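The file run_28.csv comes next; it holds CSV, C-alpha atoms.
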```
chain,number,residue,atom,x,y,z
B,214,MET,CA,-21.4,-20.0,-6.8
B,215,PRO,CA,-18.5,-17.7,-6.0
B,216,LEU,CA,-17.3,-15.3,-8.6
B,217,LYS,CA,-14.2,-16.2,-10.6
B,218,ARG,CA,-11.5,-13.6,-10.1
B,219,ILE,CA,-8.1,-13.1,-11.5
B,220,HIS,CA,-5.1,-11.4,-9.9
B,221,ILE,CA,-2.2,-9.8,-11.7
B,222,ASP,CA,1.3,-10.2,-10.3
B,223,PRO,CA,4.5,-8.9,-11.9
B,224,ASN,CA,7.4,-11.3,-12.8
B,225,TRP,CA,10.9,-10.2,-13.7
B,226,LEU,CA,12.7,-12.0,-16.5
B,227,PHE,CA,16.5,-11.8,-16.6
B,228,ARG,CA,18.2,-12.5,-19.9
B,229,ASP,CA,21.9,-12.2,-20.7
B,230,GLU,CA,23.5,-11.5,-24.1
B,231,ALA,CA,23.5,-15.2,-24.9
B,232,GLY,CA,19.8,-15.5,-24.3
B,233,ASN,CA,20.1,-17.4,-21.0
B,234,THR,CA,17.3,-16.8,-18.5
B,235,LEU,CA,16.8,-17.4,-14.8
B,236,ASP,CA,14.1,-19.0,-12.8
B,237,PRO,CA,11.8,-16.4,-11.1
B,238,GLN,CA,12.3,-18.4,-7.9
B,239,LEU,CA,15.3,-16.2,-7.5
B,240,PHE,CA,13.4,-13.5,-5.6
B,241,ARG,CA,11.5,-15.9,-3.3
B,242,LEU,CA,14.8,-17.6,-2.3
B,243,LEU,CA,16.5,-14.2,-1.7
B,244,GLU,CA,13.6,-13.0,0.4
B,245,GLU,CA,13.6,-16.2,2.5
B,246,ILE,CA,17.4,-16.1,3.0
B,247,TYR,CA,17.1,-12.4,4.1
B,248,HIS,CA,14.5,-13.3,6.7
B,249,HIS,CA,15.9,-16.7,7.9
B,250,LYS,CA,19.6,-16.1,7.5
B,251,LYS,CA,20.0,-19.8,6.8
B,252,LEU,CA,19.7,-21.7,3.5
B,253,THR,CA,18.2,-24.7,5.2
B,254,ALA,CA,15.4,-22.7,6.7
B,255,ALA,CA,14.9,-20.7,3.5
B,256,THR,CA,14.6,-23.8,1.3
B,257,LYS,CA,12.3,-25.5,3.8
B,258,SER,CA,10.0,-22.4,3.8
B,259,MET,CA,9.8,-22.5,0.0
B,260,GLY,CA,9.2,-26.3,-0.1
B,261,ILE,CA,12.3,-27.1,-2.1
B,262,SER,CA,15.2,-29.3,-1.3
B,263,TYR,CA,18.5,-27.9,0.1
B,264,ARG,CA,20.3,-29.3,-2.9
B,265,HIS,CA,17.9,-27.5,-5.3
B,266,GLY,CA,18.4,-24.2,-3.4
B,267,TRP,CA,22.2,-24.7,-3.5
B,268,ASN,CA,22.1,-25.3,-7.2
B,269,LEU,CA,20.0,-22.3,-7.9
B,270,LEU,CA,22.4,-20.1,-6.0
B,271,GLY,CA,25.2,-21.5,-8.1
B,272,LYS,CA,23.4,-20.9,-11.4
B,273,TRP,CA,22.7,-17.3,-10.3
B,274,ALA,CA,26.3,-16.7,-9.3
B,275,ASP,CA,27.4,-17.9,-12.7
B,276,PHE,CA,24.7,-15.8,-14.5
B,277,PHE,CA,25.7,-12.5,-12.7
B,278,GLY,CA,29.4,-13.3,-12.5
B,279,THR,CA,29.3,-12.7,-8.7
B,280,PRO,CA,27.6,-14.4,-5.7
B,281,LEU,CA,24.2,-13.1,-4.5
B,282,VAL,CA,24.5,-14.9,-1.2
B,283,MET,CA,27.5,-15.6,1.1
B,284,LEU,CA,27.4,-18.9,3.0
B,285,GLU,CA,29.7,-19.1,6.0
B,286,LYS,CA,30.1,-21.9,8.6
B,287,GLY,CA,28.7,-20.8,11.9
B,288,ARG,CA,27.3,-17.5,10.4
B,289,GLY,CA,24.6,-18.8,8.2
B,290,ALA,CA,23.6,-17.2,4.9
B,291,ASN,CA,23.6,-13.5,4.1
B,292,LEU,CA,22.8,-11.5,1.0
B,293,THR,CA,25.7,-9.8,-0.8
B,294,PRO,CA,25.2,-6.1,-1.7
B,295,LEU,CA,24.0,-7.2,-5.2
B,296,GLY,CA,21.7,-9.7,-3.7
B,297,GLU,CA,20.1,-7.1,-1.4
B,298,LYS,CA,19.9,-4.6,-4.3
B,299,LEU,CA,18.0,-7.2,-6.4
B,300,LEU,CA,15.6,-8.1,-3.6
B,301,TRP,CA,14.7,-4.5,-2.8
B,302,ALA,CA,14.5,-3.5,-6.4
B,303,GLU,CA,11.8,-6.2,-6.9
B,304,GLN,CA,10.0,-5.1,-3.8
B,305,ARG,CA,10.0,-1.4,-4.9
B,306,VAL,CA,8.7,-2.3,-8.4
B,307,ILE,CA,5.8,-4.4,-7.0
B,308,ALA,CA,4.9,-1.7,-4.5
B,309,ARG,CA,5.0,1.1,-7.1
B,310,PHE,CA,2.9,-0.6,-9.7
B,311,GLN,CA,0.5,-2.5,-7.3
B,312,PRO,CA,-2.4,0.0,-7.7
B,313,GLN,CA,-2.2,0.0,-11.5
B,314,MET,CA,-2.1,-3.8,-11.6
B,315,ALA,CA,-5.0,-4.1,-9.2
B,316,SER,CA,-7.1,-1.6,-11.2
B,317,LEU,CA,-6.4,-3.5,-14.4
B,318,ALA,CA,-7.3,-6.8,-12.8
B,319,SER,CA,-10.6,-5.2,-11.7
B,320,GLU,CA,-11.4,-4.1,-15.3
B,321,LEU,CA,-10.6,-7.6,-16.6
B,322,ASN,CA,-12.7,-9.3,-13.9
B,323,ILE,CA,-15.7,-7.2,-14.8
B,324,GLU,CA,-15.4,-8.2,-18.5
B,325,LEU,CA,-15.0,-11.8,-17.3
B,326,GLN,CA,-18.3,-11.6,-15.4
B,327,LYS,CA,-20.0,-10.2,-18.4
B,328,ALA,CA,-18.8,-13.1,-20.5
B,329,LEU,CA,-20.1,-15.5,-18.0
B,330,VAL,CA,-23.4,-13.7,-17.9
B,331,ASN,CA,-23.1,-13.3,-14.1
B,332,LEU,CA,-26.1,-11.4,-12.7
B,333,THR,CA,-24.6,-10.4,-9.3
B,334,PRO,CA,-24.8,-6.7,-8.5
B,335,LEU,CA,-22.1,-4.3,-9.9
B,336,LEU,CA,-20.4,-1.9,-7.5
B,337,ARG,CA,-18.0,0.7,-8.8
B,338,ILE,CA,-15.5,2.1,-6.3
B,339,GLN,CA,-12.8,4.7,-6.8
B,340,ALA,CA,-10.6,5.1,-3.8
B,341,SER,CA,-7.2,6.1,-2.5
B,342,HIS,CA,-4.9,3.1,-2.4
B,343,GLY,CA,-4.4,1.4,1.0
B,344,TYR,CA,-3.9,-2.0,2.7
B,345,ALA,CA,-7.5,-2.3,3.9
B,346,VAL,CA,-9.0,-1.2,0.5
B,347,ALA,CA,-6.9,-3.9,-1.2
B,348,LEU,CA,-8.8,-6.5,0.8
B,349,LEU,CA,-12.1,-5.6,-0.7
B,350,PRO,CA,-12.0,-7.7,-3.9
B,351,ASP,CA,-11.8,-10.9,-2.0
B,352,ALA,CA,-14.1,-9.7,0.8
B,353,CYS,CA,-16.9,-8.7,-1.6
B,354,SER,CA,-17.3,-12.2,-3.1
B,355,ASN,CA,-21.0,-11.7,-3.9
B,356,LEU,CA,-20.4,-8.5,-5.9
B,357,GLN,CA,-19.0,-7.6,-9.3
B,358,LEU,CA,-16.5,-5.1,-7.9
B,359,ASP,CA,-14.9,-2.6,-10.1
B,360,LEU,CA,-12.2,-1.1,-7.9
B,361,GLN,CA,-10.2,1.7,-9.4
B,362,TYR,CA,-7.4,3.4,-7.5
B,363,SER,CA,-7.2,7.2,-7.8
B,364,SER,CA,-6.4,10.3,-5.7
B,365,PRO,CA,-9.1,11.3,-3.2
B,366,LEU,CA,-10.1,14.3,-5.3
B,367,GLU,CA,-10.3,12.2,-8.4
B,368,ALA,CA,-12.5,9.7,-6.6
B,369,LEU,CA,-14.9,12.5,-5.3
B,370,SER,CA,-15.0,14.0,-8.8
B,371,ALA,CA,-15.9,10.6,-10.2
B,372,LEU,CA,-18.8,10.3,-7.7
B,373,ASN,CA,-20.2,13.6,-8.7
B,374,ARG,CA,-20.0,12.6,-12.4
B,375,ASP,CA,-21.8,9.3,-11.5
B,376,SER,CA,-18.7,7.4,-12.7
B,377,CYS,CA,-18.6,5.5,-9.5
B,378,ASP,CA,-20.9,4.4,-6.7
B,379,LEU,CA,-18.5,4.9,-3.7
B,380,ALA,CA,-15.6,7.2,-3.3
B,381,GLY,CA,-12.9,6.4,-0.7
B,382,PHE,CA,-10.8,9.0,0.9
B,383,HIS,CA,-9.1,9.7,4.3
B,384,VAL,CA,-9.2,12.6,6.8
B,385,PRO,CA,-6.7,13.0,9.7
B,386,ARG,CA,-7.9,13.5,13.3
B,387,GLY,CA,-6.8,16.7,15.0
B,388,VAL,CA,-5.1,18.1,11.9
B,389,VAL,CA,-7.1,20.5,9.7
B,390,ILE,CA,-5.8,20.7,6.2
B,391,ASN,CA,-7.7,23.8,5.0
B,392,THR,CA,-6.7,23.7,1.4
B,393,LEU,CA,-7.7,20.0,1.0
B,394,LEU,CA,-10.9,20.5,3.1
B,395,LYS,CA,-12.0,23.2,0.8
B,396,GLN,CA,-11.4,21.0,-2.3
B,397,TYR,CA,-13.3,18.1,-0.7
B,398,GLN,CA,-16.3,20.4,0.1
B,399,GLN,CA,-16.6,21.4,-3.5
B,400,PHE,CA,-17.7,17.8,-4.2
B,401,LEU,CA,-19.5,16.9,-1.0
B,402,LYS,CA,-23.1,18.0,-0.3
B,403,PRO,CA,-24.5,17.3,3.3
B,404,ARG,CA,-28.0,16.8,2.0
B,405,ALA,CA,-27.1,14.5,-0.9
B,406,HIS,CA,-24.2,12.4,0.5
B,407,LYS,CA,-23.8,9.9,3.3
B,408,ILE,CA,-20.6,8.6,4.9
B,409,ILE,CA,-20.0,4.8,5.2
B,410,ARG,CA,-17.4,4.3,7.9
B,411,PHE,CA,-14.4,2.1,7.0
B,412,ILE,CA,-11.2,2.0,9.1
B,413,THR,CA,-8.9,4.1,11.1
B,414,ARG,CA,-5.1,3.8,10.7
B,415,GLN,CA,-1.9,5.2,12.1
B,416,GLN,CA,0.3,7.5,10.0
B,417,GLY,CA,3.9,8.4,11.0
B,418,LEU,CA,7.6,8.2,10.2
B,419,MET,CA,9.2,5.0,8.9
B,420,VAL,CA,12.9,4.5,9.6
B,421,ARG,CA,15.3,1.5,9.5
B,422,LYS,CA,15.8,-0.3,12.7
B,423,ASP,CA,19.5,-0.5,12.2
B,424,GLY,CA,19.9,3.1,11.2
B,425,SER,CA,22.7,5.1,12.8
B,426,LEU,CA,20.7,8.4,12.6
B,427,ASP,CA,18.6,9.4,15.5
B,428,ILE,CA,15.1,10.0,14.0
B,429,ASN,CA,12.2,10.2,16.4
B,430,ARG,CA,10.2,13.2,15.4
B,431,LEU,CA,9.4,15.4,12.4
B,432,GLU,CA,12.1,17.9,13.4
B,433,ASP,CA,14.7,15.3,13.0
B,434,LEU,CA,14.1,15.2,9.3
B,435,THR,CA,16.0,18.5,8.9
B,436,GLN,CA,19.3,17.0,10.1
B,437,ASP,CA,22.0,17.4,7.6
B,438,LYS,CA,22.5,13.7,6.8
B,439,VAL,CA,18.9,12.5,6.8
B,440,ARG,CA,17.5,11.5,3.4
B,441,PHE,CA,13.8,11.6,3.0
B,442,ILE,CA,11.4,10.0,0.5
B,443,ASN,CA,8.1,11.7,0.0
B,444,ARG,CA,4.7,10.8,-1.6
B,445,GLN,CA,3.3,12.3,-4.8
B,446,GLU,CA,1.7,15.7,-4.7
B,447,ASP,CA,-2.0,14.7,-5.2
B,448,SER,CA,-2.1,12.1,-2.4
B,449,GLY,CA,-3.9,12.6,0.9
B,450,THR,CA,-0.8,11.5,2.7
B,451,ARG,CA,1.3,14.2,1.0
B,452,ALA,CA,-1.2,16.8,2.0
B,453,LEU,CA,-1.1,15.6,5.6
B,454,PHE,CA,2.7,15.6,5.7
B,455,ASP,CA,2.8,19.1,4.3
B,456,GLN,CA,0.3,20.4,6.8
B,457,LEU,CA,2.3,18.8,9.7
B,458,LEU,CA,5.4,20.6,8.5
B,459,MET,CA,3.5,23.9,8.6
B,460,ASN,CA,2.2,23.1,12.0
B,461,HIS,CA,5.7,22.5,13.3
B,462,ASP,CA,7.2,25.5,11.5
B,463,LEU,CA,9.4,23.3,9.4
B,464,SER,CA,10.5,24.2,5.8
B,465,PRO,CA,10.5,21.6,3.0
B,466,ASN,CA,13.7,23.3,1.8
B,467,ASP,CA,15.4,21.9,4.9
B,468,ILE,CA,14.5,18.3,4.2
B,469,ILE,CA,16.9,16.4,1.9
B,470,GLY,CA,14.8,14.4,-0.6
B,471,TYR,CA,11.6,16.3,-0.1
B,472,ASN,CA,11.0,16.4,-3.8
B,473,ASN,CA,11.7,12.7,-4.3
B,474,LYS,CA,8.5,10.8,-4.4
B,475,GLU,CA,6.9,7.3,-4.5
B,476,PHE,CA,3.2,6.5,-5.2
B,477,THR,CA,2.2,4.1,-2.4
B,478,HIS,CA,2.9,3.5,1.3
B,479,SER,CA,4.6,0.2,0.5
B,480,ALA,CA,6.8,1.8,-2.1
B,481,VAL,CA,7.9,4.5,0.4
B,482,ALA,CA,8.7,1.7,2.9
B,483,ALA,CA,10.6,-0.4,0.3
B,484,TYR,CA,12.6,2.7,-0.6
B,485,VAL,CA,13.6,3.2,3.0
B,486,ALA,CA,14.3,-0.5,3.5
B,487,SER,CA,16.6,-0.6,0.5
B,488,ASN,CA,18.7,2.2,2.2
B,489,MET,CA,17.9,4.7,-0.6
B,490,ALA,CA,16.4,7.0,2.1
B,491,ASP,CA,16.6,7.2,5.9
B,492,ALA,CA,13.0,8.0,6.5
B,493,GLY,CA,9.6,8.2,4.9
B,494,PHE,CA,6.0,9.0,5.9
B,495,GLY,CA,3.2,6.5,5.7
B,496,VAL,CA,1.0,4.0,7.5
B,497,GLU,CA,2.2,1.6,10.2
B,498,GLN,CA,1.4,-1.5,8.2
B,499,ALA,CA,3.9,-0.5,5.5
B,500,ALA,CA,6.6,-0.2,8.2
B,501,HIS,CA,5.6,-3.5,9.6
B,502,GLN,CA,5.7,-5.2,6.1
B,503,PHE,CA,9.3,-4.0,5.5
B,504,ASP,CA,10.6,-4.5,9.1
B,505,LEU,CA,11.0,-0.8,9.7
B,506,ARG,CA,10.7,1.2,13.0
B,507,PHE,CA,7.5,3.2,13.1
B,508,ILE,CA,7.0,6.5,15.0
B,509,PRO,CA,3.2,7.3,15.2
B,510,ILE,CA,2.3,10.9,14.4
B,511,CYS,CA,-1.4,11.0,13.5
B,512,THR,CA,-4.6,8.9,13.4
B,513,GLU,CA,-6.7,8.9,10.2
B,514,ASP,CA,-10.2,8.0,9.4
B,515,TYR,CA,-10.7,6.3,6.0
B,516,VAL,CA,-14.3,6.4,4.8
B,517,PHE,CA,-16.5,5.9,1.7
B,518,VAL,CA,-19.0,8.4,0.6
B,519,CYS,CA,-22.1,7.7,-1.6
B,520,HIS,CA,-25.3,9.4,-2.7
B,521,GLN,CA,-28.0,9.0,-0.1
B,522,LYS,CA,-30.5,7.9,-2.7
B,523,ASN,CA,-28.3,4.8,-3.5
B,524,LEU,CA,-28.0,3.5,0.1
B,525,ASN,CA,-30.7,0.9,-0.4
B,526,LYS,CA,-29.4,-0.4,-3.7
B,527,ALA,CA,-28.4,-4.1,-3.6
B,528,ALA,CA,-24.8,-3.5,-4.4
B,529,ILE,CA,-24.3,-0.9,-1.5
B,530,THR,CA,-26.3,-3.1,0.9
B,531,GLU,CA,-24.1,-6.1,0.0
B,532,PHE,CA,-20.9,-4.0,0.4
B,533,ILE,CA,-21.9,-2.9,3.9
B,534,HIS,CA,-22.8,-6.5,4.8
B,535,SER,CA,-19.4,-7.7,3.6
B,536,ILE,CA,-17.3,-5.2,5.5
B,537,GLU,CA,-19.4,-5.7,8.7
B,538,SER,CA,-18.7,-9.4,8.6
B,539,THR,CA,-16.6,-11.0,11.4
B,540,GLU,CA,-14.2,-12.4,8.8
B,541,PHE,CA,-13.4,-9.0,7.3
B,542,GLN,CA,-13.0,-7.4,10.7
B,543,GLU,CA,-10.4,-10.1,11.6
B,544,LYS,CA,-8.5,-9.3,8.5
B,545,ILE,CA,-8.4,-5.6,9.4
B,546,HIS,CA,-7.2,-6.2,12.9
B,547,VAL,CA,-4.2,-8.2,11.5
B,548,LEU,CA,-3.0,-5.0,9.8
B,549,ALA,CA,-0.6,-3.0,12.0
B,550,GLY,CA,-2.0,0.3,13.1
B,551,TYR,CA,-5.5,-0.4,11.7
B,552,LYS,CA,-8.8,-0.7,13.4
B,553,GLY,CA,-12.3,-1.4,12.1
B,554,ASP,CA,-14.5,-0.5,15.1
B,555,LYS,CA,-17.1,1.3,13.0
B,556,LEU,CA,-17.0,-0.8,9.8
B,557,GLY,CA,-20.2,-0.2,7.8
B,558,VAL,CA,-21.7,2.5,10.1
B,559,ILE,CA,-23.6,5.1,8.1
B,560,GLU,CA,-23.3,8.7,9.2
B,561,ASP,CA,-24.3,12.2,8.1
B,562,LEU,CA,-21.6,14.1,6.3
B,563,SER,CA,-21.8,16.9,8.9
B,564,HIS,CA,-20.9,14.5,11.7
B,565,PHE,CA,-17.6,13.6,9.9
B,566,MET,CA,-16.3,16.7,8.3
B,567,PRO,CA,-16.3,20.3,9.7
B,568,SER,CA,-18.3,22.7,7.6
```

Show me this structure written as structure tokens.
Amino acid sequence: MPLKRIHIDPNWLFRDEAGNTLDPQLFRLLEEIYHHKKLTAATKSMGISYRHGWNLLGKWADFFGTPLVMLEKGRGANLTPLGEKLLWAEQRVIARFQPQMASLASELNIELQKALVNLTPLLRIQASHGYAVALLPDACSNLQLDLQYSSPLEALSALNRDSCDLAGFHVPRGVVINTLLKQYQQFLKPRAHKIIRFITRQQGLMVRKDGSLDINRLEDLTQDKVRFINRQEDSGTRALFDQLLMNHDLSPNDIIGYNNKEFTHSAVAAYVASNMADAGFGVEQAAHQFDLRFIPICTEDYVFVCHQKNLNKAAITEFIHSIESTEFQEKIHVLAGYKGDKLGVIEDLSHFMPS
């Protein structure tokens, strides 16, 4: 019998001074109109009638005192500036808080399994957030999976304290980040730890397709009018970006918005898509999700590390079996810029990281 799992998704509630509220279908309809540019196609995609969609737009226009969508004969439907602002605001909030919500859902699911006296193996994972990692709760259907998102260094520290069974982190190919490597090596012991291969992914610049600025390489970020959105300081992606700047003799002081930060790849992409920045740095799937142009810069290996003595435990064995499955590999290859050619391969630490 498959494990019962719950998922947590945020919902916005709009209330005016009179206590009137709006149906949360608002964002779904705005998103469909943004993509289809026609109310008929948008309502069809949502499975609601054209009349219902029209009425919803009328109610929202009355609520805000201004239209969120402009309908013109021969030109279809387009979001007004307020409509776009609402759509991207919701996308940014979801992207920003996704790791915390997923971690909370994981905690609740573990308590749920305890209440149901489920005897399936428990696997505790701490990992840097990513699109492929987010697939694990559904992929590991025969496990009680406690997946907590944290920075790479926090994950490795937790492994050393025996607070988790697997720690997930990523290392770029061809780019040596000496400061980060030394920090990793404080927690990693070649004789005690083993690497479980996961995925490779592309990191690079994300820019809007309709942008008027010519951004095609890292050096272009120093142009006077280019606004950048960065990642938080303790993320592996931030460490990679800073190292790339050093390698190209670029100063952070010359990049407008270098000190502005978001906490996930999708949050950075949503920030750019909402026109609050002209460029960000992250994985290709984030650019694909938000219909941005992607300029590849670097390939990364994302791996899990565990104690060698735990490799034969039922939970680890089931985890490897789950990510080696054809079904999981197919889900990985759907993600833009991701590959899973070595999923589940066990390697010595020395083969993966320079000493």

Item to complete: Point out the residue among B:Leu434, B:Leu239, B:Ile390, B:Cys519 with the least atom-to-atom distance to Asn466 (chain B), counting only C-alpha atoms.
Response: B:Leu434

Worksheet item: Do you know which residues are at most 12 Å from Tyr397 (chain B) counting all atoms listed in the file, after dropping those on the same chain fewer than 6 positions away, and could you put them as number ranges by chain?
Response: B: 364-370, 372-373, 380-384, 390-391, 403, 449, 518, 562, 566-568

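With all atoms listed in the file as the basis for measurement, B:Glu244 is the residue among B:Glu244, B:Asp275, B:Glu230, B:Ala308 that approaches Asn291 (chain B) most closely.
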
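Checking B:Leu335, B:Cys353, B:Leu457, B:Ile559 one by one against Lys526 (chain B), counting all atoms listed in the file, you find the shortest gap at B:Leu335.
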
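Ranking B:Arg451, B:Gln238, B:Ala482, B:His248 by their shortest atom-to-atom distance to Ile261 (chain B), with all atoms listed in the file included, puts B:Gln238 first.
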
Practice prompt. For CA of Asn233 (chain B) and CA of Trp273 (chain B), quote the distance in Å rounded to one decimal.
Written response: 11.0 Å

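Nearest to Arg337 (chain B) of all the residues B:Ile529, B:Ala452, B:Ile468, B:Ala315 is B:Ile529, based on only C-alpha atoms.
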
Discussion item. Given only C-alpha atoms as the basis, pick out the residue of B:Thr450, B:Leu505, B:Phe400, B:His406 nearest to Arg374 (chain B).
Written reply: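 Under the stated criterion, the closest residue is B:Phe400.
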
Item to complete: Identify, on the basis of only C-alpha atoms, every residue whose closest approach to Glu560 (chain B) does not exceed 8 Å; exclude the query and any residue fewer than 4 positions from it along the same chain; express the result as a PyMOL selection string.
Response: chain B and resi 407-410+564-565

Discussion item. Would you compute the distance between CA of Pro465 (chain B) and CA of Gly387 (chain B)? Give it in Å to one decimal.
Written reply: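 These atoms are spaced 21.6 Å apart.
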
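Excluding Leu242 (chain B) itself and same-chain residues fewer than 4 positions from it, the residues having an atom within 10 Å of it are Pro237, Gln238, Ile246, Tyr247, His248, Leu252, Ala255, Thr256, Ser258, Met259, Ile261, Gly266, Leu269, Leu270 and Leu300 of chain B, counting only C-alpha atoms.
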
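Excluding Gly271 (chain B) and any residue on its chain fewer than 3 positions from it, the residues at most 12 Å away by all atoms listed in the file are Leu235, Leu239, Arg264, His265, Gly266, Trp267, Asn268, Ala274, Asp275, Phe276, Phe277, Gly278, Thr279, Pro280, Leu281, Val282, Met283 and Leu284 of chain B.
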
Worksheet entry | Interatomic distance, CA of His546 (chain B) to CA of Tyr484 (chain B) (Å, one decimal) | 25.6 Å

Practice prompt. In the coordinate frame of the file, compute which residues have an atom within 12 Å of (6.6, 10.5, 6.8) when using only C-alpha atoms, and state them as a ChimeraX atom specification.
Written response: /B:415-420,428-434,440-444,450-458,468,470-471,474-475,478,481-482,485,490-497,499-500,506-511

Expected file contents, prior selection, C-alpha atoms, as a PDB file, in the coordinates of the input:
```
ATOM      1  CA  GLN B 415      -1.900   5.200  12.100  1.00  0.00           C
ATOM      2  CA  GLN B 416       0.300   7.500  10.000  1.00  0.00           C
ATOM      3  CA  GLY B 417       3.900   8.400  11.000  1.00  0.00           C
ATOM      4  CA  LEU B 418       7.600   8.200  10.200  1.00  0.00           C
ATOM      5  CA  MET B 419       9.200   5.000   8.900  1.00  0.00           C
ATOM      6  CA  VAL B 420      12.900   4.500   9.600  1.00  0.00           C
ATOM      7  CA  ILE B 428      15.100  10.000  14.000  1.00  0.00           C
ATOM      8  CA  ASN B 429      12.200  10.200  16.400  1.00  0.00           C
ATOM      9  CA  ARG B 430      10.200  13.200  15.400  1.00  0.00           C
ATOM     10  CA  LEU B 431       9.400  15.400  12.400  1.00  0.00           C
ATOM     11  CA  GLU B 432      12.100  17.900  13.400  1.00  0.00           C
ATOM     12  CA  ASP B 433      14.700  15.300  13.000  1.00  0.00           C
ATOM     13  CA  LEU B 434      14.100  15.200   9.300  1.00  0.00           C
ATOM     14  CA  ARG B 440      17.500  11.500   3.400  1.00  0.00           C
ATOM     15  CA  PHE B 441      13.800  11.600   3.000  1.00  0.00           C
ATOM     16  CA  ILE B 442      11.400  10.000   0.500  1.00  0.00           C
ATOM     17  CA  ASN B 443       8.100  11.700   0.000  1.00  0.00           C
ATOM     18  CA  ARG B 444       4.700  10.800  -1.600  1.00  0.00           C
ATOM     19  CA  THR B 450      -0.800  11.500   2.700  1.00  0.00           C
ATOM     20  CA  ARG B 451       1.300  14.200   1.000  1.00  0.00           C
ATOM     21  CA  ALA B 452      -1.200  16.800   2.000  1.00  0.00           C
ATOM     22  CA  LEU B 453      -1.100  15.600   5.600  1.00  0.00           C
ATOM     23  CA  PHE B 454       2.700  15.600   5.700  1.00  0.00           C
ATOM     24  CA  ASP B 455       2.800  19.100   4.300  1.00  0.00           C
ATOM     25  CA  GLN B 456       0.300  20.400   6.800  1.00  0.00           C
ATOM     26  CA  LEU B 457       2.300  18.800   9.700  1.00  0.00           C
ATOM     27  CA  LEU B 458       5.400  20.600   8.500  1.00  0.00           C
ATOM     28  CA  ILE B 468      14.500  18.300   4.200  1.00  0.00           C
ATOM     29  CA  GLY B 470      14.800  14.400  -0.600  1.00  0.00           C
ATOM     30  CA  TYR B 471      11.600  16.300  -0.100  1.00  0.00           C
ATOM     31  CA  LYS B 474       8.500  10.800  -4.400  1.00  0.00           C
ATOM     32  CA  GLU B 475       6.900   7.300  -4.500  1.00  0.00           C
ATOM     33  CA  HIS B 478       2.900   3.500   1.300  1.00  0.00           C
ATOM     34  CA  VAL B 481       7.900   4.500   0.400  1.00  0.00           C
ATOM     35  CA  ALA B 482       8.700   1.700   2.900  1.00  0.00           C
ATOM     36  CA  VAL B 485      13.600   3.200   3.000  1.00  0.00           C
ATOM     37  CA  ALA B 490      16.400   7.000   2.100  1.00  0.00           C
ATOM     38  CA  ASP B 491      16.600   7.200   5.900  1.00  0.00           C
ATOM     39  CA  ALA B 492      13.000   8.000   6.500  1.00  0.00           C
ATOM     40  CA  GLY B 493       9.600   8.200   4.900  1.00  0.00           C
ATOM     41  CA  PHE B 494       6.000   9.000   5.900  1.00  0.00           C
ATOM     42  CA  GLY B 495       3.200   6.500   5.700  1.00  0.00           C
ATOM     43  CA  VAL B 496       1.000   4.000   7.500  1.00  0.00           C
ATOM     44  CA  GLU B 497       2.200   1.600  10.200  1.00  0.00           C
ATOM     45  CA  ALA B 499       3.900  -0.500   5.500  1.00  0.00           C
ATOM     46  CA  ALA B 500       6.600  -0.200   8.200  1.00  0.00           C
ATOM     47  CA  ARG B 506      10.700   1.200  13.000  1.00  0.00           C
ATOM     48  CA  PHE B 507       7.500   3.200  13.100  1.00  0.00           C
ATOM     49  CA  ILE B 508       7.000   6.500  15.000  1.00  0.00           C
ATOM     50  CA  PRO B 509       3.200   7.300  15.200  1.00  0.00           C
ATOM     51  CA  ILE B 510       2.300  10.900  14.400  1.00  0.00           C
ATOM     52  CA  CYS B 511      -1.400  11.000  13.500  1.00  0.00           C
TER      53      CYS B 511
END
```

Discussion item. Could you list, as an NGL selection string, every residue within 10 Å of Leu336 (chain B), counting only C-alpha atoms and ignoring same-chain residues fewer than 4 positions away?
Written reply: :B and (353 or 356-360 or 377-379 or 526-529 or 531-532)

Please supply region 234-241 of chain B, rebuilt with N, CA and C atoms, as an mmCIF file, in the frame of the given file.
```cif
data_model
loop_
_atom_site.group_PDB
_atom_site.id
_atom_site.type_symbol
_atom_site.label_atom_id
_atom_site.label_comp_id
_atom_site.auth_asym_id
_atom_site.auth_seq_id
_atom_site.Cartn_x
_atom_site.Cartn_y
_atom_site.Cartn_z
ATOM 1 N N THR B 234 18.232 -17.366 -19.465
ATOM 2 C CA THR B 234 17.300 -16.800 -18.500
ATOM 3 C C THR B 234 17.361 -17.460 -17.177
ATOM 4 N N LEU B 235 16.771 -16.805 -16.187
ATOM 5 C CA LEU B 235 16.800 -17.400 -14.800
ATOM 6 C C LEU B 235 15.390 -17.654 -14.330
ATOM 7 N N ASP B 236 15.312 -18.648 -13.468
ATOM 8 C CA ASP B 236 14.100 -19.000 -12.800
ATOM 9 C C ASP B 236 13.599 -17.905 -11.900
ATOM 10 N N PRO B 237 12.321 -17.467 -11.970
ATOM 11 C CA PRO B 237 11.800 -16.400 -11.100
ATOM 12 C C PRO B 237 11.821 -16.780 -9.612
ATOM 13 N N GLN B 238 12.147 -18.044 -9.289
ATOM 14 C CA GLN B 238 12.300 -18.400 -7.900
ATOM 15 C C GLN B 238 13.387 -17.637 -7.191
ATOM 16 N N LEU B 239 14.215 -16.967 -8.000
ATOM 17 C CA LEU B 239 15.300 -16.200 -7.500
ATOM 18 C C LEU B 239 14.867 -15.273 -6.321
ATOM 19 N N PHE B 240 13.838 -14.469 -6.568
ATOM 20 C CA PHE B 240 13.400 -13.500 -5.600
ATOM 21 C C PHE B 240 12.862 -14.108 -4.334
ATOM 22 N N ARG B 241 12.111 -15.183 -4.515
ATOM 23 C CA ARG B 241 11.500 -15.900 -3.300
ATOM 24 C C ARG B 241 12.664 -16.417 -2.459
#
```
